[in-house]
Amino acid sequence: MIELHWQAAWEALIHHPLFGVAITLAVFQLAYAAYEKTRWVFLQPVLVSMTLIVGILLLCGIDYDEYRISAQWLTLLLGPATVALAVPLYLNLRRIRELFGPIVITLLVAGVFATALGMALAWAFGADDMILMTLAPKSVTSPIAMLVAEQIGGVVALAAVFVMITGVLGAIFGPELLRRFGVQHPAARGIALGLTAHAVGTAQALQESDECGAFAALAMSLMGVMTAVLLPLVVALLL
Amino acid sequence: MLLRGLTWLVAFQLLGTVLNVLFLPMLPGPIIGMVLLFAGLLARGRASESLQLAASSLLRYLPLLLVPPAVGVMAYTEAILDDFWAIVGVLVISLLVSLVFTGWLMQTLIRRKQRQQEGA
């Protein structure tokens, strides 16, 4: 009689370098199909996928580091995808030029407001300096946020988490909230989503329309550059 | 040709990384790459079909690419649970208020500009 090595086969399966990629691809398609079918805001695909994958990893006893290394195959593409944002930006250049003044003013006023409000609230809730400095760059895309958090004395890994939570919240509540407050202009919706909810907001804006996505990409990148350059300077001057 | 466009995107990201190490440690490589590609497109005056195809294909799957970093939350559950309500309060309130404020401000400025142009 042939003895089957179930345990060994199971271990080989869940520890295969492609296992993380496989569950990410499968779960994301499932989450995306569910969202397309129901259009229910809480089924935001990134959030649902994240929850399901965390569940699977816990059940299989795989820690985050092992998953992260396996999923690198996907994460590596984030770099070229960020570079790719230059294309919708360029294709919508005419629209952006027309609205140059409003974009610059909104970016400066709302960008400073978003950062200051987050820090003021954290201070009011009694968070310590370390959490304060970790929360400061939460509106910008994670690579910049992590760099900035490190420079001003926050926790790098936790900064990435705050960035993700902010982005997912923005993608879930943003479109409906903007509609409630009468913000219908695609440029205004795009700027709001990109400036406050970075890449996840931009991904959501791209679903609305190309124009909305282009403005979100613009706001995300300019907010990122502004935060990276100005926030460490401001913190250095104030403390 | 999807591959040709993809090659350019990767090349600009790598160029960004080189410049990041050499001159601009505060800006991540991909952001520098994006700025350079944008400048390149401006200088050239058009975006080739292959580049548009590669960019739109990648951007369609941007939410998928963001899933693995999002799973990183699981590594910090304890730290988050310790200050759960403070963190949620800060993140939710500041996001919702600044999102609406940003959208409102931008729309108001756009409308004012349109009125000025109509009046002129």
# chains A, B, ... in the order shown; residues from 1 in each chain; ligands from 1
>>> residues_around(residues="A:Ser49", least_positions_apart="5", cutoff="8 Å", atoms="only C-alpha atoms", output="PyMOL selection string")
(chain A and resi 24+27-28+31) or (chain B and resi 67)
>>> select_by_dssp(residues="chain B", states="alpha helix (DSSP H)", output="PyMOL selection string")
chain B and resi 2-22+29-44+49-60+62-65+67-71+77-82+84-119
>>> residues_around(residues="B:Gly16", least_positions_apart="4", cutoff="9 Å", atoms="only C-alpha atoms", output="PDB file with N, CA and C atoms, in the first residue's frame")
ATOM      1  N   ALA B  11      12.427  51.157 -16.898  1.00  0.00           N
ATOM      2  CA  ALA B  11      13.664  51.923 -17.052  1.00  0.00           C
ATOM      3  C   ALA B  11      13.591  53.240 -16.281  1.00  0.00           C
ATOM      4  N   PHE B  12      12.433  53.925 -16.358  1.00  0.00           N
ATOM      5  CA  PHE B  12      12.297  55.200 -15.643  1.00  0.00           C
ATOM      6  C   PHE B  12      12.298  54.994 -14.137  1.00  0.00           C
ATOM      7  N   ASN B  20      17.766  58.836  -6.856  1.00  0.00           N
ATOM      8  CA  ASN B  20      17.412  58.864  -5.437  1.00  0.00           C
ATOM      9  C   ASN B  20      18.667  58.657  -4.581  1.00  0.00           C
ATOM     10  N   VAL B  21      19.481  57.678  -4.966  1.00  0.00           N
ATOM     11  CA  VAL B  21      20.683  57.380  -4.186  1.00  0.00           C
ATOM     12  C   VAL B  21      21.724  58.487  -4.351  1.00  0.00           C
ATOM     13  N   PRO B  28      11.309  59.095  -3.024  1.00  0.00           N
ATOM     14  CA  PRO B  28      11.477  57.711  -3.458  1.00  0.00           C
ATOM     15  C   PRO B  28      11.695  57.614  -4.976  1.00  0.00           C
ATOM     16  N   GLY B  29      12.428  56.589  -5.399  1.00  0.00           N
ATOM     17  CA  GLY B  29      12.739  56.381  -6.810  1.00  0.00           C
ATOM     18  C   GLY B  29      11.553  56.445  -7.758  1.00  0.00           C
ATOM     19  N   PRO B  30      10.439  55.702  -7.464  1.00  0.00           N
ATOM     20  CA  PRO B  30       9.308  55.719  -8.397  1.00  0.00           C
ATOM     21  C   PRO B  30       8.727  57.113  -8.635  1.00  0.00           C
ATOM     22  N   ILE B  31       8.708  57.954  -7.574  1.00  0.00           N
ATOM     23  CA  ILE B  31       8.163  59.312  -7.725  1.00  0.00           C
ATOM     24  C   ILE B  31       9.078  60.131  -8.646  1.00  0.00           C
ATOM     25  N   ILE B  32      10.405  59.992  -8.453  1.00  0.00           N
ATOM     26  CA  ILE B  32      11.346  60.689  -9.341  1.00  0.00           C
ATOM     27  C   ILE B  32      11.148  60.189 -10.769  1.00  0.00           C
ATOM     28  N   GLY B  33      10.987  58.850 -10.922  1.00  0.00           N
ATOM     29  CA  GLY B  33      10.763  58.265 -12.243  1.00  0.00           C
ATOM     30  C   GLY B  33       9.524  58.827 -12.905  1.00  0.00           C
ATOM     31  N   MET B  34       8.447  58.995 -12.121  1.00  0.00           N
ATOM     32  CA  MET B  34       7.205  59.532 -12.671  1.00  0.00           C
ATOM     33  C   MET B  34       7.409  60.964 -13.160  1.00  0.00           C
ATOM     34  N   VAL B  35       8.064  61.788 -12.335  1.00  0.00           N
ATOM     35  CA  VAL B  35       8.322  63.176 -12.725  1.00  0.00           C
ATOM     36  C   VAL B  35       9.153  63.221 -14.010  1.00  0.00           C
ATOM     37  N   LEU B  36      10.180  62.352 -14.091  1.00  0.00           N
ATOM     38  CA  LEU B  36      11.035  62.326 -15.285  1.00  0.00           C
ATOM     39  C   LEU B  36      10.259  61.883 -16.518  1.00  0.00           C
TER      40      LEU B  36
END
>>> residues_around(residues="stretch 3-10 of chain B", least_positions_apart="2", cutoff="7 Å", atoms="only C-alpha atoms", output="list in words")
Pro80, Val83 and Ala84 of chain A; Met1, Phe12, Gln13, Leu14, Ser50, Leu51 and Ala54 of chain B
>>> write_last_selection(atoms="N, CA and C atoms", output="CSV table (one decimal), in the first residue's frame")
chain,number,residue,atom,x,y,z
A,80,PRO,N,6.9,50.6,-11.1
A,80,PRO,CA,6.5,50.9,-12.5
A,80,PRO,C,5.1,51.5,-12.6
A,83,VAL,N,5.3,55.1,-11.7
A,83,VAL,CA,5.8,55.8,-12.9
A,83,VAL,C,4.7,55.9,-14.0
A,84,ALA,N,3.9,54.9,-14.1
A,84,ALA,CA,2.8,54.9,-15.2
A,84,ALA,C,1.8,56.0,-15.0
B,1,MET,N,2.6,47.3,-28.8
B,1,MET,CA,3.5,46.4,-28.1
B,1,MET,C,3.5,46.7,-26.6
B,12,PHE,N,12.4,53.9,-16.4
B,12,PHE,CA,12.3,55.2,-15.6
B,12,PHE,C,12.3,55.0,-14.1
B,13,GLN,N,11.7,53.9,-13.7
B,13,GLN,CA,11.7,53.6,-12.2
B,13,GLN,C,13.2,53.4,-11.8
B,14,LEU,N,14.0,52.6,-12.6
B,14,LEU,CA,15.4,52.4,-12.2
B,14,LEU,C,16.2,53.7,-12.3
B,50,SER,N,2.3,52.1,-27.3
B,50,SER,CA,2.8,51.1,-26.4
B,50,SER,C,2.9,51.5,-24.9
B,51,LEU,N,3.3,52.8,-24.7
B,51,LEU,CA,3.4,53.3,-23.4
B,51,LEU,C,2.0,53.5,-22.8
B,54,ALA,N,0.7,50.0,-21.8
B,54,ALA,CA,1.4,49.4,-20.6
B,54,ALA,C,0.9,50.2,-19.4
>>> atom_distance(atom1="atom CA of A:Trp73", atom2="atom CA of B:Pro69")
12.4 Å
>>> atom_distance(atom1="atom CA of A:Tyr90", atom2="atom CA of A:Leu178")
25.6 Å
>>> residues_around(residues="B:Gly103", least_positions_apart="5", cutoff="6 Å", atoms="only C-alpha atoms", output="mmCIF file with N, CA and C atoms, in the first residue's frame")
data_model
loop_
_atom_site.group_PDB
_atom_site.id
_atom_site.type_symbol
_atom_site.label_atom_id
_atom_site.label_comp_id
_atom_site.auth_asym_id
_atom_site.auth_seq_id
_atom_site.Cartn_x
_atom_site.Cartn_y
_atom_site.Cartn_z
ATOM 1 N N ALA A 188 -12.503 68.145 -9.079
ATOM 2 C CA ALA A 188 -12.552 68.364 -7.638
ATOM 3 C C ALA A 188 -12.591 67.029 -6.892
ATOM 4 N N ARG A 189 -13.368 66.069 -7.423
ATOM 5 C CA ARG A 189 -13.453 64.746 -6.789
ATOM 6 C C ARG A 189 -12.091 64.059 -6.846
ATOM 7 N N ALA A 192 -9.587 65.686 -4.393
ATOM 8 C CA ALA A 192 -9.914 65.332 -3.009
ATOM 9 C C ALA A 192 -9.474 63.906 -2.698
#
>>> closest_atom_pairs(of="chain A", to="chain B", cutoff="6 Å", atoms="only C-alpha atoms", output="tab-separated table")
residue	atom	partner	partner_atom	distance
A:Val46	CA	B:Val67	CA	5.6
A:Met50	CA	B:Val71	CA	5.2
A:Leu74	CA	B:Leu65	CA	5.8
A:Thr75	CA	B:Leu65	CA	5.7
A:Gly79	CA	B:Pro30	CA	5.1
A:Pro80	CA	B:Leu9	CA	5.2
A:Ala81	CA	B:Leu58	CA	5.7
A:Thr82	CA	B:Pro30	CA	5.9
A:Val83	CA	B:Met34	CA	4.0
A:Ala84	CA	B:Ala55	CA	4.8
A:Ala86	CA	B:Phe38	CA	5.0
A:Pro102	CA	B:Leu109	CA	5.3
A:Thr106	CA	B:Met106	CA	5.7
A:Ala110	CA	B:Thr102	CA	5.5
A:Ala114	CA	B:Ser98	CA	5.2
A:Leu117	CA	B:Ser94	CA	5.9
A:Gly118	CA	B:Ser94	CA	5.2
A:Leu121	CA	B:Val90	CA	5.6
A:Ala122	CA	B:Val90	CA	5.7
A:Phe125	CA	B:Ala86	CA	5.8
A:Val161	CA	B:Val73	CA	5.5
A:Met164	CA	B:Ala70	CA	5.8
A:Ala188	CA	B:Gly103	CA	5.0
A:Arg189	CA	B:Gly103	CA	5.7
A:Ala192	CA	B:Gly103	CA	4.8
A:Thr196	CA	B:Leu99	CA	5.9
>>> residues_around(residues="A:Ser221", least_positions_apart="4", cutoff="10 Å", atoms="only C-alpha atoms", output="PyMOL selection string")
(chain A and resi 82+85-86+140-141+144+194-195+198-199+215-217+225-227) or (chain B and resi 31-32+34-35)
>>> write_last_selection(atoms="C-alpha atoms", output="PDB file, in the first residue's frame")
ATOM      1  CA  THR A  82       3.702  54.718  -9.910  1.00  0.00           C
ATOM      2  CA  LEU A  85       0.759  57.621 -13.456  1.00  0.00           C
ATOM      3  CA  ALA A  86       2.709  60.111 -15.601  1.00  0.00           C
ATOM      4  CA  VAL A 140       0.733  60.469   1.267  1.00  0.00           C
ATOM      5  CA  THR A 141       1.649  57.332  -0.598  1.00  0.00           C
ATOM      6  CA  ILE A 144       7.099  58.683   0.924  1.00  0.00           C
ATOM      7  CA  GLY A 194      -5.774  61.789  -4.450  1.00  0.00           C
ATOM      8  CA  LEU A 195      -4.726  64.407  -1.906  1.00  0.00           C
ATOM      9  CA  HIS A 198      -3.183  58.711  -2.068  1.00  0.00           C
ATOM     10  CA  ALA A 199      -2.876  55.550  -4.210  1.00  0.00           C
ATOM     11  CA  PHE A 215      -6.452  64.737 -11.167  1.00  0.00           C
ATOM     12  CA  ALA A 216      -6.156  62.213  -8.342  1.00  0.00           C
ATOM     13  CA  ALA A 217      -2.747  61.112  -9.657  1.00  0.00           C
ATOM     14  CA  VAL A 225       6.501  65.741  -3.120  1.00  0.00           C
ATOM     15  CA  MET A 226       5.284  68.621  -0.945  1.00  0.00           C
ATOM     16  CA  THR A 227       5.151  66.438   2.194  1.00  0.00           C
TER      17      THR A 227
ATOM     18  CA  ILE B  31       8.163  59.312  -7.725  1.00  0.00           C
ATOM     19  CA  ILE B  32      11.346  60.689  -9.341  1.00  0.00           C
ATOM     20  CA  MET B  34       7.205  59.532 -12.671  1.00  0.00           C
ATOM     21  CA  VAL B  35       8.322  63.176 -12.725  1.00  0.00           C
TER      22      VAL B  35
END
>>> atom_distance(atom1="atom CA of A:Ala197", atom2="atom CA of A:Phe173")
10.6 Å
